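Have a look at upload.txt; it's compact mmCIF, C-alpha atoms:
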# COMPACT_ATOMS: atom_id res chain seq x y z
CA MET Z 79 -32.01 -154.06 -159.81
CA LEU Z 80 -33.61 -153.22 -163.13
CA ILE Z 81 -37.10 -152.76 -161.68
CA ILE Z 82 -35.72 -150.55 -158.89
CA LEU Z 83 -33.79 -148.50 -161.45
CA LEU Z 84 -36.88 -148.03 -163.61
CA LYS Z 85 -38.96 -146.99 -160.61
CA SER Z 86 -36.33 -144.50 -159.41
CA LEU Z 87 -36.05 -143.09 -162.92
CA LEU Z 88 -39.80 -142.62 -162.98
CA ILE Z 89 -39.60 -140.76 -159.65
CA LEU Z 90 -36.79 -138.56 -161.05
CA PHE Z 91 -38.82 -137.91 -164.15
CA VAL Z 92 -41.88 -136.79 -162.18
CA TYR Z 93 -39.64 -134.65 -159.94
CA LYS Z 94 -38.02 -132.98 -162.96
CA ILE Z 95 -41.37 -132.12 -164.51
CA LEU Z 96 -42.74 -130.82 -161.22
CA PHE Z 97 -39.75 -128.85 -159.95
CA PHE Z 98 -37.83 -127.91 -163.10
CA LYS Z 99 -40.64 -127.40 -165.60
CA ILE Z 100 -43.65 -126.30 -163.54
CA LEU Z 101 -42.04 -124.61 -160.53
CA ASP Z 102 -38.90 -123.52 -162.46
CA PHE Z 103 -36.66 -124.42 -159.51
CA LYS Z 104 -33.41 -125.44 -161.21
CA ALA Z 105 -30.81 -124.15 -158.73
CA ARG Z 106 -28.14 -126.85 -158.14
CA TRP Z 107 -30.24 -129.28 -160.21
CA PHE Z 108 -27.67 -132.09 -160.02
CA ILE Z 109 -27.66 -132.06 -156.21
CA GLN Z 110 -31.46 -132.06 -156.21
CA LEU Z 111 -31.53 -135.07 -158.52
CA LEU Z 112 -28.86 -136.90 -156.55
CA ILE Z 113 -30.80 -136.46 -153.29
CA VAL Z 114 -34.13 -137.53 -154.86
CA TYR Z 115 -32.42 -140.57 -156.42
CA LEU Z 116 -30.82 -141.52 -153.10
CA ILE Z 117 -34.11 -141.18 -151.21
CA SER Z 118 -35.98 -143.20 -153.83
CA LEU Z 119 -33.34 -145.96 -153.61
CA LEU Z 120 -33.56 -146.02 -149.82
CA ILE Z 121 -37.32 -146.47 -150.09
CA LEU Z 122 -37.29 -148.96 -152.96
CA ILE Z 123 -34.47 -151.27 -151.91
CA ASP Z 124 -35.25 -153.87 -149.30
CA ARG Z 125 -32.13 -153.64 -147.13
CA ARG Z 126 -32.66 -157.11 -145.66
CA ILE Z 127 -31.23 -158.67 -148.83
CA PHE Z 128 -27.77 -157.34 -147.89
CA GLU Z 129 -27.62 -159.21 -144.60
CA ASN Z 130 -24.49 -161.39 -144.72
CA ASP Z 131 -23.94 -160.46 -148.37
CA PHE Z 132 -21.38 -157.70 -148.65
CA ILE Z 133 -20.65 -158.43 -152.35
CA LEU Z 134 -24.30 -157.84 -153.23
CA LEU Z 135 -24.18 -154.51 -151.43
CA ILE Z 136 -21.11 -153.47 -153.47
CA ASN Z 137 -22.82 -154.65 -156.67
CA TYR Z 138 -25.89 -152.55 -155.91
CA PHE Z 139 -23.76 -149.54 -155.00
CA LEU Z 140 -21.67 -149.76 -158.19
CA PHE Z 141 -24.68 -150.25 -160.45
CA PHE Z 142 -26.79 -147.40 -159.09
CA PHE Z 143 -23.90 -145.00 -158.48
CA THR Z 144 -22.34 -145.40 -161.96
CA PHE Z 145 -25.75 -145.00 -163.54
CA ILE Z 146 -26.68 -141.75 -161.78
CA ILE Z 147 -23.28 -140.16 -162.43
CA SER Z 148 -23.52 -140.95 -166.15
CA TYR Z 149 -27.12 -139.74 -166.23
CA ILE Z 150 -26.24 -136.44 -164.54
CA LEU Z 151 -23.30 -135.96 -166.93
CA PHE Z 152 -25.69 -136.50 -169.82
CA LEU Z 153 -28.14 -133.99 -168.36
CA THR Z 154 -25.41 -131.31 -168.37
CA LEU Z 155 -25.88 -131.33 -172.17
CA VAL Z 156 -29.54 -130.49 -171.61
CA PHE Z 157 -28.95 -127.77 -169.02
CA ASN Z 158 -25.69 -126.21 -170.25
CA ASP Z 159 -25.98 -126.60 -174.05
CA SER Z 160 -23.14 -128.17 -175.99
CA PRO Z 161 -21.27 -125.87 -178.43
CA THR Z 162 -20.93 -128.73 -180.95
CA LEU Z 163 -24.63 -129.57 -180.86
CA PHE Z 164 -25.47 -125.88 -181.08
CA TYR Z 165 -23.09 -125.46 -184.03
CA LEU Z 166 -24.78 -128.27 -185.95
CA PHE Z 167 -28.32 -127.02 -185.69
CA HIS Z 168 -27.96 -123.22 -185.64
CA THR Z 169 -26.52 -120.42 -187.75
CA LYS Z 170 -23.13 -118.75 -187.16
CA LYS Z 171 -24.89 -115.60 -185.96
CA GLU Z 172 -26.88 -117.56 -183.37
CA PHE Z 173 -23.73 -119.43 -182.29
CA LEU Z 174 -21.75 -116.25 -181.70
CA LYS Z 175 -24.71 -114.66 -179.91
CA LYS Z 176 -24.84 -117.58 -177.47
CA LYS Z 177 -21.39 -116.58 -176.07
CA PHE Z 178 -20.28 -120.03 -174.91
CA ILE Z 179 -16.80 -118.92 -173.82
CA ALA Z 180 -18.16 -116.07 -171.68
CA ASP Z 181 -20.76 -118.39 -170.13
CA ARG Z 182 -18.18 -121.07 -169.22
CA LYS Z 183 -15.82 -118.44 -167.81
CA LYS Z 184 -18.64 -117.22 -165.58
CA LYS Z 185 -19.31 -120.78 -164.42
CA LEU Z 186 -15.60 -121.42 -163.73
CA LEU Z 187 -15.50 -118.27 -161.62
CA LYS Z 188 -18.67 -119.29 -159.77
CA ASN Z 189 -17.31 -122.77 -159.03
CA GLY Z 190 -13.93 -121.51 -157.77
CA PHE Z 191 -11.79 -122.68 -160.68
CA LEU Z 192 -10.89 -119.07 -161.48
CA ASP Z 193 -10.42 -116.13 -159.13
CA TYR Z 194 -11.81 -112.63 -159.58
CA ARG Z 195 -8.61 -111.57 -161.45
CA ASN Z 196 -9.29 -114.33 -163.99
CA LYS Z 197 -6.38 -116.40 -162.69
CA ILE Z 198 -6.55 -120.16 -162.36
CA THR Z 199 -6.95 -121.34 -158.76
CA LYS Z 200 -5.50 -124.45 -157.08
CA ILE Z 201 -8.79 -126.32 -157.67
CA GLY Z 202 -8.55 -125.40 -161.35
CA ILE Z 203 -4.98 -126.73 -161.60
CA HIS Z 204 -6.01 -129.99 -159.84
CA PHE Z 205 -8.96 -130.35 -162.22
CA LEU Z 206 -6.64 -129.95 -165.23
CA LYS Z 207 -4.06 -132.41 -163.93
CA ILE Z 208 -6.59 -135.06 -162.82
CA PHE Z 209 -8.29 -135.18 -166.24
CA GLU Z 210 -4.95 -135.13 -168.10
CA ILE Z 211 -3.85 -138.18 -166.07
CA LEU Z 212 -7.22 -139.97 -166.37
CA SER Z 213 -7.17 -139.49 -170.13
CA ILE Z 214 -3.59 -140.81 -170.39
CA ILE Z 215 -4.65 -143.86 -168.38
CA PHE Z 216 -8.04 -144.69 -169.90
CA LEU Z 217 -8.75 -143.04 -173.24
CA SER Z 218 -6.65 -140.68 -175.30
CA GLU Z 219 -6.33 -139.79 -178.96
CA LYS Z 220 -3.74 -141.20 -181.36
CA LYS Z 221 -0.45 -139.29 -180.99
CA MET K 769 -20.73 -155.95 -161.46
CA ILE K 770 -17.38 -155.73 -159.66
CA GLU K 771 -15.79 -158.13 -162.18
CA LEU K 772 -17.28 -156.21 -165.09
CA LEU K 773 -15.95 -152.92 -163.71
CA PHE K 774 -12.43 -154.25 -163.15
CA ILE K 775 -12.31 -156.09 -166.47
CA ASN K 776 -13.38 -152.90 -168.22
CA LEU K 777 -10.88 -150.71 -166.46
CA ILE K 778 -8.12 -153.17 -167.39
CA TYR K 779 -9.36 -153.34 -171.01
CA PHE K 780 -9.32 -149.57 -171.31
CA ILE K 781 -5.88 -149.26 -169.73
CA LEU K 782 -4.45 -151.93 -172.08
CA LEU K 783 -6.21 -150.66 -175.21
CA ASN K 784 -5.06 -147.12 -174.49
CA ARG K 785 -1.43 -148.27 -174.73
CA PHE K 786 -1.92 -148.79 -178.48
CA ASN K 787 -1.39 -145.87 -180.80
CA SER K 788 -4.78 -146.12 -182.48
CA SER K 789 -7.71 -143.74 -182.75
CA SER K 790 -10.23 -143.31 -179.92
CA SER K 791 -13.01 -144.77 -182.11
CA THR K 792 -11.03 -147.99 -182.65
CA LYS K 793 -10.34 -148.33 -178.93
CA ILE K 794 -14.01 -147.80 -178.06
CA LEU K 795 -15.19 -150.21 -180.75
CA ILE K 796 -12.79 -152.98 -179.66
CA ASN K 797 -13.79 -152.50 -176.04
CA PHE K 798 -17.48 -152.60 -176.97
CA LEU K 799 -17.13 -155.82 -178.97
CA ILE K 800 -15.12 -157.60 -176.25
CA ASN K 801 -17.65 -156.54 -173.65
CA LEU K 802 -20.64 -157.46 -175.76
CA SER K 803 -19.37 -161.01 -176.14
CA PHE K 804 -18.76 -161.16 -172.39
CA ILE K 805 -22.21 -159.76 -171.53
CA ILE K 806 -24.06 -161.92 -174.10
CA ALA K 807 -22.65 -164.99 -172.35
CA THR K 808 -25.00 -164.19 -169.42
CA ASN K 809 -27.73 -166.86 -169.27
CA ASN K 810 -30.45 -164.70 -167.75
CA PHE K 811 -32.14 -161.95 -169.83
CA LEU K 812 -32.72 -159.61 -166.88
CA ASN K 813 -29.11 -160.05 -165.84
CA PHE K 814 -28.01 -159.30 -169.39
CA ILE K 815 -29.94 -155.99 -169.42
CA GLU K 816 -28.51 -155.00 -166.02
CA LYS K 817 -24.97 -155.76 -167.12
CA PHE K 818 -25.50 -153.91 -170.38
CA ILE K 819 -26.78 -150.80 -168.56
CA PHE K 820 -23.85 -150.99 -166.17
CA TYR K 821 -21.39 -151.36 -169.04
CA MET K 822 -22.91 -148.43 -170.93
CA SER K 823 -22.62 -146.28 -167.79
CA ILE K 824 -18.93 -147.18 -167.42
CA LEU K 825 -18.34 -146.50 -171.11
CA TYR K 826 -20.10 -143.14 -170.85
CA LEU K 827 -17.92 -142.15 -167.88
CA ILE K 828 -14.72 -143.11 -169.74
CA ILE K 829 -15.90 -141.23 -172.85
CA ASN K 830 -16.54 -138.23 -170.63
CA ILE K 831 -12.93 -138.29 -169.43
CA TYR K 832 -11.93 -138.11 -173.09
CA THR K 833 -14.41 -135.37 -174.01
CA ILE K 834 -13.39 -133.26 -171.00
CA LYS K 835 -9.76 -133.35 -172.14
CA TYR K 836 -10.36 -132.87 -175.85
CA SER K 837 -13.61 -130.97 -176.09
CA SER K 838 -14.61 -129.32 -172.80
CA LEU K 839 -14.68 -125.54 -172.96
CA ARG K 840 -13.94 -125.20 -169.26
CA PHE K 841 -10.89 -127.42 -169.67
CA LEU K 842 -9.77 -125.37 -172.68
CA ILE K 843 -10.13 -122.06 -170.81
CA LEU K 844 -8.27 -123.40 -167.77
CA LYS K 845 -5.52 -124.89 -169.96
CA SER K 846 -5.07 -121.58 -171.82
CA LEU K 847 -4.80 -119.68 -168.55
CA TYR K 848 -2.46 -122.27 -167.02
CA SER K 849 -0.09 -122.11 -170.01
CA LYS K 850 -0.35 -118.29 -170.01
CA LYS K 851 -2.05 -118.20 -173.40
CA LYS K 852 -4.97 -116.04 -174.51
CA ILE K 853 -8.47 -117.43 -173.90
CA PRO K 854 -9.94 -118.45 -177.29
CA SER K 855 -12.58 -116.18 -178.79
CA GLU K 856 -16.18 -117.08 -179.67
CA ASN K 857 -15.24 -116.96 -183.35
CA TRP K 858 -12.32 -119.33 -182.78
CA LEU K 859 -14.71 -121.74 -181.05
CA TYR K 860 -17.11 -121.63 -184.01
CA LEU K 861 -14.30 -122.42 -186.48
CA ASP K 862 -12.92 -125.14 -184.21
CA ARG K 863 -16.30 -126.91 -184.02
CA LYS K 864 -16.66 -126.60 -187.77
CA LYS K 865 -13.26 -128.24 -188.26
CA ARG K 866 -13.94 -130.95 -185.69
CA ILE K 867 -17.15 -132.18 -187.28
CA LYS K 868 -15.27 -132.79 -190.54
CA SER K 869 -12.32 -134.47 -188.82
CA LYS K 870 -11.90 -138.23 -189.23
CA LYS K 871 -9.55 -138.51 -186.25
CA THR K 872 -12.16 -138.52 -183.49
CA PHE K 873 -15.26 -140.57 -182.74
CA MET K 874 -17.19 -137.30 -182.22
CA LYS K 875 -18.84 -137.37 -185.63
CA PHE K 876 -21.98 -135.79 -187.06
CA GLU K 877 -23.97 -139.06 -186.86
CA LEU K 878 -23.22 -139.39 -183.15
CA PHE K 879 -24.21 -135.79 -182.42
CA PHE K 880 -27.36 -136.24 -184.49
CA ILE K 881 -28.48 -139.14 -182.27
CA VAL K 882 -27.46 -137.34 -179.06
CA ASN K 883 -29.39 -134.28 -180.20
CA ILE K 884 -32.62 -136.29 -180.49
CA PHE K 885 -32.37 -137.23 -176.79
CA VAL K 886 -31.24 -133.77 -175.69
CA LYS K 887 -34.04 -132.05 -177.62
CA SER K 888 -36.76 -134.31 -176.27
CA LEU K 889 -35.45 -134.01 -172.70
CA LYS K 890 -35.31 -130.23 -173.06
CA LYS K 891 -38.94 -130.18 -174.16
CA ILE K 892 -40.00 -132.30 -171.19
CA ILE K 893 -38.00 -130.81 -168.33
CA LEU K 894 -37.05 -127.27 -169.31

Rewrite the coordinates I just gave you, this time as structure tokens.
Amino acid sequence: MLIILLKSLLILFVYKILFFKILDFKARWFIQLLIVYLISLLILIDRRIFENDFILLINYFLFFFTFIISYILFLTLVFNDSPTLFYLFHTKKEFLKKKFIADRKKKLLKNGFLDYRNKITKIGIHFLKIFEILSIIFLSEKK
Amino acid sequence: MIELLFINLIYFILLNRFNSSSSTKILINFLINLSFIIATNNFLNFIEKFIFYMSILYLIINIYTIKYSSLRFLILKSLYSKKKIPSENWLYLDRKKRIKSKKTFMKFELFFIVNIFVKSLKKIIL
């Protein structure tokens, strides 16, 4: 699994340099990366090893799926900029100029979490509730 | 991998019942898991399990950061509870306060390390 992961990461790396840096094609970058990762796995994994071994198939799926989701979540810091990271390494003037709130509002509107009247949509409410519940279940702060 | 995933989910659910800080919960989970992963007799298997564990941990930490730190979550929560959306200045002061807070695991040292990776990745791909 490790060798396959390293090879697929190398493919992703080359893809990112080629498409994001050189060609500047960053639209829906996470979907692009997910598709490239999936294709590379389909090429790199010898599917014959799963014959009569369903547990191995689940193991492979869990390993590669969890990894790519975490990796994409980490890349959001690279693409979207984190306010905390920005705060630490920039001045107040630069921070305010960056307009994080306005940018996130625009993204929420684009993704259907807000409507054109700036009201929260059903998807937005579900998003809020799901993460409130997940945090209560798995990791929350001291009360 | 399936066992590791289920064991971890159970660990997190149980640890989260305690009224302790997020850093303590993460640290305890990490130590329990480390001892479990180190018990693997094959080095390659150890690395694979460690990567898998770190991915699970990162996903769980993301659930926490979305609730306590995500701007999108904050905007949606303000709108849902019919409050005013925070201003850019409020955000600046909030981040300033957070970095000094001892309550959360999101400390300067952690952000310093994360920033090294983010900066180098930005240079390479953006």

Can you check which residues of chain Z have any atom within 7 Å of chain K? Use only C-alpha atoms and format it as a PyMOL selection string. chain Z and resi 80+94-95+98-99+137+141+144-145+148+155-156+162-163+165+174+177-179+182+186+197-198+202+206+209-210+212-213+215-221

Pairwise distance for CA of Leu83 in chain Z and CA of Phe818 in chain K, rounded to one decimal in Å: 13.3 Å

Between Z:Ile127, Z:Ile81, Z:Leu153, Z:Ile211, single out the one closest to Trp107 in chain Z, counting all atoms listed in the file.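 For Trp107 in chain Z, the nearest of the given residues is Z:Leu153.
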
At what distance in Å, to one decimal, does CA of Phe142 in chain Z lie from CA of Leu116 in chain Z? 9.3 Å

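Nearest residue to Asn189 in chain Z, choosing from Z:Phe205, Z:Ser86, Z:Leu122, Z:Tyr93 and counting only C-alpha atoms: Z:Phe205.
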
One decimal, in Å: what's the spacing between CA of Phe164 in chain Z and CA of Ile150 in chain Z?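 Separating CA of Phe164 in chain Z from CA of Ile150 in chain Z is a distance of 19.6 Å.
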
Please determine, counting only C-alpha atoms, which residue among Z:Lys104, Z:His204, Z:Lys85, Z:Lys175 has the shortest atom-to-atom distance to Leu119 in chain Z. Z:Lys85
